[in-house]
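Read the structure below first, then the notes.
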Amino acid sequence: MTLHRVNAAAAAAALACLAALGPTPAGAVPSPGRPAGPGPTPPPRFVPGACPKTPEPIEALATARCGFLVVPENRSRPGGRTIKLAVAVIKSASAKPAPDPVVFMAGGPGGDAFDDIPFLIGSGLNKNRELIVMAQRGNLYDQPNLACPEVDRFNEKAVGFGWDAPAAKQLMLKAFRECRARLTADGTDLSAYNSTENAADFADLRTALGIAQWNVYGYSYGTNLGLAYLRLHPQGVRSLAIDSVSPPQVTKLPWGWGSAREGIDNTFDACAAEPACKSRYPDLRKTLNEQVRRLEAKPLTVNATAPGGGTPVKVVLDGGALLNLMVGFNVKPKDLPAALDELARGNPERFAQGRAKDSVQPIGTAAHGLTQSVACAEWVPGTSRSEVLAAGHDAFPTWPDSVLAQTPQLPFEYDVCGVWNVASNAARHRVATVSSVPALVIAGSFDMKTGASYARDAARTLSRSTSVLIPGIGHWVVPQSPCAQSVLASFLAHPTAPDTRCVAGLKPGPFTIAPK
């Protein structure tokens, strides 16, 4: 091990624990701890164990040091039960790694952090440092796991309904009711699965592993969490790198409309700046507006095959589905001009295939329970349906209200939160992070989920931050951009003076030009 230790006792204790316990079966997850009776909750601790058995083998886990972080489920309730969070410490590729590792904060919330490991290694995150990956509370390989297979199965069926269809709403709410009932029957406190507790878990992980300093890298929701972590637990943070930024102080439900508009505008502007794309697709905004209105008035039902093949499924394309296929990158930005033009000419194949893609869901992988516990506690409180609609009108003034009433990627969210019923955490969480810790703020110009301009909201209060905008890249920039990888590596080596020169010469890649 090459982790920079706070003291030798912590390292010795961890090694002694490993020797005493021995390995646990691959993929096994211990049950949540329950105190035998009244009394204080045991202090957080790291319990070594086997690495998770992932659906697809991850080579780096074969040599990683794994185990579980044991923490209180709800720190405001002394004597309550404990939960176990899966952890992997991945070796550095260097024979002489730097003493300060990188800890990763995944997106979502509810995304499988272990599934991201190949992308992290491919991006060089463990080139000169150890890489620490922990499944945020409630995720896959944790106990409890807040997966909702009921919701996964609904999502497979949802492609056959209009985006805001009443039948889809009822089936979605039924799925969340069933998931909530199942999780709470086991005693899970859904209100404890929020960013404040999540950040405290990472603070406890650093202490439990005996690490004096580490570097934090997060993307999407991981940036929201990373900023909260830096604000609440600044001790031991050498640097913070955030990619595709969602600042806590501005991340509210109506916010999704501004991000969608910004990413779409940047994509269309890039097409207009490319002579071949501009000539072939001269007025994409008009085309998009017309197609949203047309499909919302008269949805299109077709049979389509997912991009990976398989049996064709019935899919419905209405205005809301069209917008969300763009925001979700089911149709890639480089293909978007061609897809819209083909749609206008009567060929919906690219969008239909994009919707069919969602008919195949990995059941039980995404922690929808964590997603909703965070969204309903931190993004929804203090907002209203009328604010969402107003934000939609600001972004797309000519679109029908039926499209604009649902925040992109989160349909029926107010109704879902009524079912999920967790306590608000908004007042504690919606606070700007003011810090002089060196920070790298990365955005992609084509990002329709976390608009590039929102990175400025985060950077404004990070006094020693470096901001980079990578043109032509959408959500989660670093794995898609060699330049961003180079900047991140330079930042980790020199946090106050990273080399950003590669950014200056970047341009979006060419768009797909389909024959007429």
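Residues in the structure tokens are numbered from 1 in each chain, the chains being A, B, ... in the order shown, and ligands are numbered from 1 in the order shown.
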**Request:** Name the residues in contact with region 293-306 of chain A at a cut-off of 7 Å, using only C-alpha atoms, excluding same-chain residues fewer than 4 positions from it; report them as an MDAnalysis selection string.
**Result:** chainID A and resid 289 310:319 352:354 356:357 399:400
Please produce an output containing N, CA, C and O atoms for each residue in the selection, written as a PDB file, in the first residue's frame.
```pdb
ATOM      1  N   ASN A 289     -38.426  22.744 -33.599  1.00  0.00           N
ATOM      2  CA  ASN A 289     -39.688  23.286 -33.096  1.00  0.00           C
ATOM      3  C   ASN A 289     -40.887  22.679 -33.823  1.00  0.00           C
ATOM      4  O   ASN A 289     -41.901  22.316 -33.206  1.00  0.00           O
ATOM      5  N   GLY A 310     -31.846  -7.337 -31.674  1.00  0.00           N
ATOM      6  CA  GLY A 310     -32.890  -7.970 -30.884  1.00  0.00           C
ATOM      7  C   GLY A 310     -34.239  -7.873 -31.559  1.00  0.00           C
ATOM      8  O   GLY A 310     -34.373  -7.460 -32.712  1.00  0.00           O
ATOM      9  N   THR A 311     -35.270  -8.249 -30.809  1.00  0.00           N
ATOM     10  CA  THR A 311     -36.631  -8.253 -31.331  1.00  0.00           C
ATOM     11  C   THR A 311     -37.177  -6.830 -31.389  1.00  0.00           C
ATOM     12  O   THR A 311     -37.033  -6.067 -30.426  1.00  0.00           O
ATOM     13  N   PRO A 312     -37.790  -6.441 -32.491  1.00  0.00           N
ATOM     14  CA  PRO A 312     -38.378  -5.097 -32.562  1.00  0.00           C
ATOM     15  C   PRO A 312     -39.443  -4.905 -31.489  1.00  0.00           C
ATOM     16  O   PRO A 312     -40.145  -5.854 -31.113  1.00  0.00           O
ATOM     17  N   VAL A 313     -39.550  -3.675 -30.998  1.00  0.00           N
ATOM     18  CA  VAL A 313     -40.550  -3.334 -29.987  1.00  0.00           C
ATOM     19  C   VAL A 313     -41.343  -2.129 -30.479  1.00  0.00           C
ATOM     20  O   VAL A 313     -40.870  -1.339 -31.294  1.00  0.00           O
ATOM     21  N   LYS A 314     -42.568  -2.004 -29.951  1.00  0.00           N
ATOM     22  CA  LYS A 314     -43.387  -0.840 -30.273  1.00  0.00           C
ATOM     23  C   LYS A 314     -42.890   0.351 -29.464  1.00  0.00           C
ATOM     24  O   LYS A 314     -42.739   0.264 -28.247  1.00  0.00           O
ATOM     25  N   VAL A 315     -42.647   1.463 -30.152  1.00  0.00           N
ATOM     26  CA  VAL A 315     -42.236   2.690 -29.470  1.00  0.00           C
ATOM     27  C   VAL A 315     -43.143   3.829 -29.917  1.00  0.00           C
ATOM     28  O   VAL A 315     -43.647   3.838 -31.046  1.00  0.00           O
ATOM     29  N   VAL A 316     -43.334   4.772 -29.003  1.00  0.00           N
ATOM     30  CA  VAL A 316     -44.125   5.961 -29.293  1.00  0.00           C
ATOM     31  C   VAL A 316     -43.212   7.172 -29.262  1.00  0.00           C
ATOM     32  O   VAL A 316     -42.449   7.374 -28.306  1.00  0.00           O
ATOM     33  N   LEU A 317     -43.265   7.962 -30.308  1.00  0.00           N
ATOM     34  CA  LEU A 317     -42.512   9.213 -30.385  1.00  0.00           C
ATOM     35  C   LEU A 317     -43.493  10.370 -30.329  1.00  0.00           C
ATOM     36  O   LEU A 317     -44.294  10.569 -31.234  1.00  0.00           O
ATOM     37  N   ASP A 318     -43.460  11.110 -29.214  1.00  0.00           N
ATOM     38  CA  ASP A 318     -44.212  12.360 -29.128  1.00  0.00           C
ATOM     39  C   ASP A 318     -43.222  13.485 -28.843  1.00  0.00           C
ATOM     40  O   ASP A 318     -41.995  13.268 -28.867  1.00  0.00           O
ATOM     41  N   GLY A 319     -43.717  14.685 -28.590  1.00  0.00           N
ATOM     42  CA  GLY A 319     -42.806  15.812 -28.409  1.00  0.00           C
ATOM     43  C   GLY A 319     -41.897  15.641 -27.221  1.00  0.00           C
ATOM     44  O   GLY A 319     -40.691  15.953 -27.286  1.00  0.00           O
ATOM     45  N   ALA A 352     -36.424   6.484 -33.328  1.00  0.00           N
ATOM     46  CA  ALA A 352     -37.126   5.272 -32.922  1.00  0.00           C
ATOM     47  C   ALA A 352     -36.146   4.261 -32.327  1.00  0.00           C
ATOM     48  O   ALA A 352     -36.440   3.618 -31.301  1.00  0.00           O
ATOM     49  N   GLN A 353     -34.989   4.117 -32.941  1.00  0.00           N
ATOM     50  CA  GLN A 353     -33.980   3.214 -32.389  1.00  0.00           C
ATOM     51  C   GLN A 353     -33.500   3.706 -31.023  1.00  0.00           C
ATOM     52  O   GLN A 353     -33.255   2.904 -30.108  1.00  0.00           O
ATOM     53  N   GLY A 354     -33.362   5.026 -30.901  1.00  0.00           N
ATOM     54  CA  GLY A 354     -32.949   5.587 -29.622  1.00  0.00           C
ATOM     55  C   GLY A 354     -33.948   5.287 -28.519  1.00  0.00           C
ATOM     56  O   GLY A 354     -33.574   4.997 -27.379  1.00  0.00           O
ATOM     57  N   ALA A 356     -36.108   2.741 -28.586  1.00  0.00           N
ATOM     58  CA  ALA A 356     -36.097   1.284 -28.394  1.00  0.00           C
ATOM     59  C   ALA A 356     -34.944   0.848 -27.493  1.00  0.00           C
ATOM     60  O   ALA A 356     -35.043  -0.175 -26.799  1.00  0.00           O
ATOM     61  N   LYS A 357     -33.887   1.610 -27.485  1.00  0.00           N
ATOM     62  CA  LYS A 357     -32.738   1.303 -26.615  1.00  0.00           C
ATOM     63  C   LYS A 357     -33.171   1.176 -25.160  1.00  0.00           C
ATOM     64  O   LYS A 357     -32.658   0.335 -24.406  1.00  0.00           O
ATOM     65  N   TRP A 399     -43.193  25.761 -27.730  1.00  0.00           N
ATOM     66  CA  TRP A 399     -43.551  24.359 -27.532  1.00  0.00           C
ATOM     67  C   TRP A 399     -44.839  24.235 -26.723  1.00  0.00           C
ATOM     68  O   TRP A 399     -45.166  25.098 -25.904  1.00  0.00           O
ATOM     69  N   PRO A 400     -45.571  23.136 -26.891  1.00  0.00           N
ATOM     70  CA  PRO A 400     -46.823  22.939 -26.149  1.00  0.00           C
ATOM     71  C   PRO A 400     -46.568  22.771 -24.647  1.00  0.00           C
ATOM     72  O   PRO A 400     -45.543  22.219 -24.230  1.00  0.00           O
TER      73      PRO A 400
END
```
**Request:** Do a neighbour search on Ala484 (chain A) at 9 Å with only C-alpha atoms, toss out local chain neighbours closer than 2 positions, and write the hits as an MDAnalysis selection string.
**Result:** chainID A and resid 442 468 470 477:482 486:489 500 502:503
**Message:** I'd like the contact shell of Glu59 (chain A) - 9 Å cut-off, only C-alpha atoms, skipping same-chain residues fewer than 3 positions apart - returned as a list in words.
**Reply:**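 What passes the distance filter is Ala62, Thr63 and Pro118 of chain A.
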**Prompt:** When distances are computed from only C-alpha atoms, which of A:Met448, A:Gln136, A:Leu284, A:Pro149 shows the smallest separation from Phe202 (chain A)?
**Reply:**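 Checking each candidate against Phe202 (chain A), we get A:Gln136 as the closest.
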**Asked** Do you know which residues are at most 12 Å from Thr82 (chain A) counting only C-alpha atoms, after dropping those on the same chain fewer than 2 positions away, and could you put them as JSON, numbers by chain?
**Response** {"A": [30, 31, 32, 33, 34, 35, 36, 40, 41, 42, 43, 44, 45, 68, 69, 70, 71, 72, 73, 74, 75, 77, 78, 79, 80, 84, 85, 137, 142, 143, 144, 187, 188, 189, 192, 201]}
Hey, could you make a per-residue contact list for region 371-444 of chain A against region 258-271 of chain A with 9 Å as the cut-off, showing the nearest pair of atoms and its distance in Å to one decimal, counting only C-alpha atoms, sorted by chain and number, as a tab-separated table?
```
residue	atom	partner	partner_atom	distance
A:Ala391	CA	A:Gly258	CA	7.2
A:Gly392	CA	A:Gly258	CA	7.9
A:Asp394	CA	A:Gly258	CA	8.2
A:Ala395	CA	A:Arg261	CA	5.7
A:Phe396	CA	A:Arg261	CA	7.5
A:Pro408	CA	A:Ala260	CA	7.5
A:Gly444	CA	A:Gly263	CA	8.7
```
Residues from last step as file, all heavy atoms, as a PDB file, in the first residue's frame:
```pdb
ATOM      1  N   ALA A 391     -40.081  27.799 -16.651  1.00  0.00           N
ATOM      2  CA  ALA A 391     -38.712  27.569 -17.115  1.00  0.00           C
ATOM      3  C   ALA A 391     -38.724  26.934 -18.502  1.00  0.00           C
ATOM      4  O   ALA A 391     -37.879  27.251 -19.356  1.00  0.00           O
ATOM      5  CB  ALA A 391     -37.961  26.684 -16.130  1.00  0.00           C
ATOM      6  N   GLY A 392     -39.690  26.041 -18.731  1.00  0.00           N
ATOM      7  CA  GLY A 392     -39.821  25.444 -20.058  1.00  0.00           C
ATOM      8  C   GLY A 392     -40.173  26.471 -21.109  1.00  0.00           C
ATOM      9  O   GLY A 392     -39.615  26.474 -22.218  1.00  0.00           O
ATOM     10  N   ASP A 394     -39.475  29.653 -21.002  1.00  0.00           N
ATOM     11  CA  ASP A 394     -38.290  30.488 -21.217  1.00  0.00           C
ATOM     12  C   ASP A 394     -37.323  29.821 -22.193  1.00  0.00           C
ATOM     13  O   ASP A 394     -36.697  30.483 -23.019  1.00  0.00           O
ATOM     14  CB  ASP A 394     -37.580  30.752 -19.890  1.00  0.00           C
ATOM     15  CG  ASP A 394     -38.324  31.739 -19.009  1.00  0.00           C
ATOM     16  OD1 ASP A 394     -39.211  32.452 -19.521  1.00  0.00           O
ATOM     17  OD2 ASP A 394     -38.019  31.793 -17.802  1.00  0.00           O
ATOM     18  N   ALA A 395     -37.214  28.510 -22.076  1.00  0.00           N
ATOM     19  CA  ALA A 395     -36.266  27.778 -22.919  1.00  0.00           C
ATOM     20  C   ALA A 395     -36.799  27.571 -24.332  1.00  0.00           C
ATOM     21  O   ALA A 395     -36.072  27.753 -25.317  1.00  0.00           O
ATOM     22  CB  ALA A 395     -35.937  26.427 -22.277  1.00  0.00           C
ATOM     23  N   PHE A 396     -38.074  27.199 -24.438  1.00  0.00           N
ATOM     24  CA  PHE A 396     -38.661  26.854 -25.738  1.00  0.00           C
ATOM     25  C   PHE A 396     -40.055  27.481 -25.825  1.00  0.00           C
ATOM     26  O   PHE A 396     -41.072  26.789 -25.603  1.00  0.00           O
ATOM     27  CB  PHE A 396     -38.726  25.340 -25.913  1.00  0.00           C
ATOM     28  CG  PHE A 396     -37.379  24.658 -25.852  1.00  0.00           C
ATOM     29  CD1 PHE A 396     -36.955  24.010 -24.695  1.00  0.00           C
ATOM     30  CD2 PHE A 396     -36.529  24.683 -26.950  1.00  0.00           C
ATOM     31  CE1 PHE A 396     -35.720  23.393 -24.637  1.00  0.00           C
ATOM     32  CE2 PHE A 396     -35.282  24.064 -26.900  1.00  0.00           C
ATOM     33  CZ  PHE A 396     -34.870  23.417 -25.741  1.00  0.00           C
ATOM     34  N   PRO A 408     -36.990  17.812 -18.117  1.00  0.00           N
ATOM     35  CA  PRO A 408     -36.267  16.785 -18.862  1.00  0.00           C
ATOM     36  C   PRO A 408     -35.654  15.727 -17.946  1.00  0.00           C
ATOM     37  O   PRO A 408     -35.068  16.050 -16.912  1.00  0.00           O
ATOM     38  CB  PRO A 408     -35.179  17.588 -19.592  1.00  0.00           C
ATOM     39  CG  PRO A 408     -35.787  18.937 -19.771  1.00  0.00           C
ATOM     40  CD  PRO A 408     -36.601  19.173 -18.529  1.00  0.00           C
ATOM     41  N   GLY A 444     -18.581  20.358 -20.945  1.00  0.00           N
ATOM     42  CA  GLY A 444     -18.647  20.036 -22.364  1.00  0.00           C
ATOM     43  C   GLY A 444     -19.699  20.895 -23.031  1.00  0.00           C
ATOM     44  O   GLY A 444     -20.807  21.060 -22.507  1.00  0.00           O
TER      45      GLY A 444
END
```
**Message:** I need the residue nearest Ala168 (chain A) from this list: A:Val151, A:Ala452, A:Leu336, A:Ala135. Use only C-alpha atoms for the distance.
**Reply:**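 For Ala168 (chain A), the nearest of the given residues is A:Val151.
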**Prompt:** What is the distance between CA of Lys507 (chain A) and CA of Phe119 (chain A), in Å to one decimal?
**Reply:**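 Between CA of Lys507 (chain A) and CA of Phe119 (chain A) the gap works out to 22.8 Å.
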**Prompt:** So, counting only C-alpha atoms, which residue among A:Ser279, A:Ser467, A:Ser191, A:Ser453 is closest to Gly369 (chain A)?
**Reply:** A:Ser191
**Message:** Taking only region 209-274 of chain A into account, list the residues labelled strand (DSSP E) by DSSP (computed from the backbone), as JSON, numbers by chain.
**Reply:** {"A": [214, 215, 216, 217, 218, 219, 237, 238, 239, 240, 241, 242, 243]}
**Pick from A:Ala344, A:Ala339, A:Ala497, A:Val416, whichever lies nearest to Glu178 (chain A) using only C-alpha atoms** =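 That would be A:Val416, the residue with the smallest distance to Glu178 (chain A).
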**Request:** May I ask which of the residues A:Ala375, A:Ala439, A:Ala321, A:Leu389 is the closest one to Phe351 (chain A), counting only C-alpha atoms?
**Result:** A:Ala321
**Request:** Excluding Ala200 (chain A) and residues on its chain fewer than 4 positions from it, collect all residues at most 8 Å away from it, counting only C-alpha atoms, and give them as a list in words.
**Result:**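 These residues fall inside the cut-off: Thr196, Asp204, Tyr229 and His233 of chain A.
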Output of the above residues as a PDB file, in the first residue's frame, restricted to C-alpha atoms:
```pdb
ATOM      1  CA  THR A 196     -25.305  15.451   3.555  1.00  0.00           C
ATOM      2  CA  ASP A 204     -15.440   8.799   7.298  1.00  0.00           C
ATOM      3  CA  TYR A 229     -18.225  17.413   0.616  1.00  0.00           C
ATOM      4  CA  HIS A 233     -15.558  18.315   5.253  1.00  0.00           C
TER       5      HIS A 233
END
```
Near Val216 (chain A), counting only C-alpha atoms, which residues have an atom at most 7 Å away, once you skip same-chain residues fewer than 2 positions from it, shown as a short mmCIF file (atom, residue, chain, number, x, y, z; two decimals) with all heavy atoms, in the first residue's frame?
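Dumped everything to around.cif:
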```
data_model
loop_
_atom_site.label_atom_id
_atom_site.label_comp_id
_atom_site.auth_asym_id
_atom_site.auth_seq_id
_atom_site.Cartn_x
_atom_site.Cartn_y
_atom_site.Cartn_z
N VAL A 102 -6.64 9.45 -5.52
CA VAL A 102 -7.84 10.08 -6.07
C VAL A 102 -9.04 9.29 -5.58
O VAL A 102 -9.06 8.06 -5.67
CB VAL A 102 -7.82 10.09 -7.62
CG1 VAL A 102 -9.14 10.63 -8.16
CG2 VAL A 102 -6.65 10.91 -8.14
N VAL A 103 -10.04 9.99 -5.04
CA VAL A 103 -11.29 9.34 -4.68
C VAL A 103 -12.35 9.80 -5.67
O VAL A 103 -12.43 10.97 -6.02
CB VAL A 103 -11.71 9.64 -3.22
CG1 VAL A 103 -11.98 11.12 -3.01
CG2 VAL A 103 -12.93 8.80 -2.83
N PHE A 104 -13.15 8.84 -6.12
CA PHE A 104 -14.12 9.09 -7.19
C PHE A 104 -15.53 9.20 -6.63
O PHE A 104 -15.94 8.39 -5.78
CB PHE A 104 -14.06 7.96 -8.21
CG PHE A 104 -15.13 7.99 -9.26
CD1 PHE A 104 -15.23 9.06 -10.13
CD2 PHE A 104 -16.03 6.94 -9.38
CE1 PHE A 104 -16.23 9.09 -11.11
CE2 PHE A 104 -17.01 6.95 -10.35
CZ PHE A 104 -17.12 8.03 -11.22
N TRP A 214 -6.24 13.58 0.07
CA TRP A 214 -6.60 12.95 -1.19
C TRP A 214 -7.17 13.99 -2.15
O TRP A 214 -7.43 15.13 -1.77
CB TRP A 214 -7.52 11.76 -1.01
CG TRP A 214 -8.90 12.00 -0.44
CD1 TRP A 214 -9.51 13.20 -0.20
CD2 TRP A 214 -9.82 10.99 -0.02
NE1 TRP A 214 -10.77 13.01 0.33
CE2 TRP A 214 -10.99 11.67 0.45
CE3 TRP A 214 -9.80 9.61 -0.01
CZ2 TRP A 214 -12.11 10.98 0.94
CZ3 TRP A 214 -10.92 8.93 0.46
CH2 TRP A 214 -12.05 9.60 0.93
N GLY A 218 -15.24 14.03 -9.36
CA GLY A 218 -16.61 13.61 -9.53
C GLY A 218 -17.19 14.14 -10.81
O GLY A 218 -16.73 15.17 -11.33
N SER A 239 -7.23 18.62 -3.56
CA SER A 239 -7.77 19.27 -4.76
C SER A 239 -9.13 18.67 -5.07
O SER A 239 -9.46 17.57 -4.63
CB SER A 239 -6.82 19.09 -5.95
OG SER A 239 -6.82 17.75 -6.41
N LEU A 240 -9.90 19.43 -5.85
CA LEU A 240 -11.23 18.99 -6.29
C LEU A 240 -11.35 19.18 -7.80
O LEU A 240 -11.15 20.29 -8.30
CB LEU A 240 -12.32 19.80 -5.59
CG LEU A 240 -13.76 19.60 -6.10
CD1 LEU A 240 -14.29 18.23 -5.71
CD2 LEU A 240 -14.69 20.71 -5.57
N ALA A 241 -11.67 18.12 -8.52
CA ALA A 241 -11.94 18.20 -9.96
C ALA A 241 -13.38 17.80 -10.20
O ALA A 241 -13.81 16.73 -9.78
CB ALA A 241 -11.00 17.28 -10.74
#
```
**Request:** Would you list the contacts of Leu506 (chain A) as a ChimeraX atom specification, taking every protein, DNA or RNA residue within 10 Å and counting only C-alpha atoms, but skipping same-chain residues closer than 4 positions in sequence?
**Result:** /A:469-472,483,501-502
**Message:** Please identify the helix (DSSP H, G or I) residues within region 107-298 of chain A (assignment by DSSP from backbone atoms) and present them as a ChimeraX atom specification.
**Reply:** /A:114-122,149-158,166-185,190-192,195-208,221-232,255-272,275-280,284-297
**Request:** Counting only C-alpha atoms, figure out which residue out of A:Ala93, A:Leu146, A:Leu340, A:Val437 gets nearest to Thr371 (chain A).
**Result:**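 Using only C-alpha atoms, the shortest distance to Thr371 (chain A) belongs to A:Leu146.
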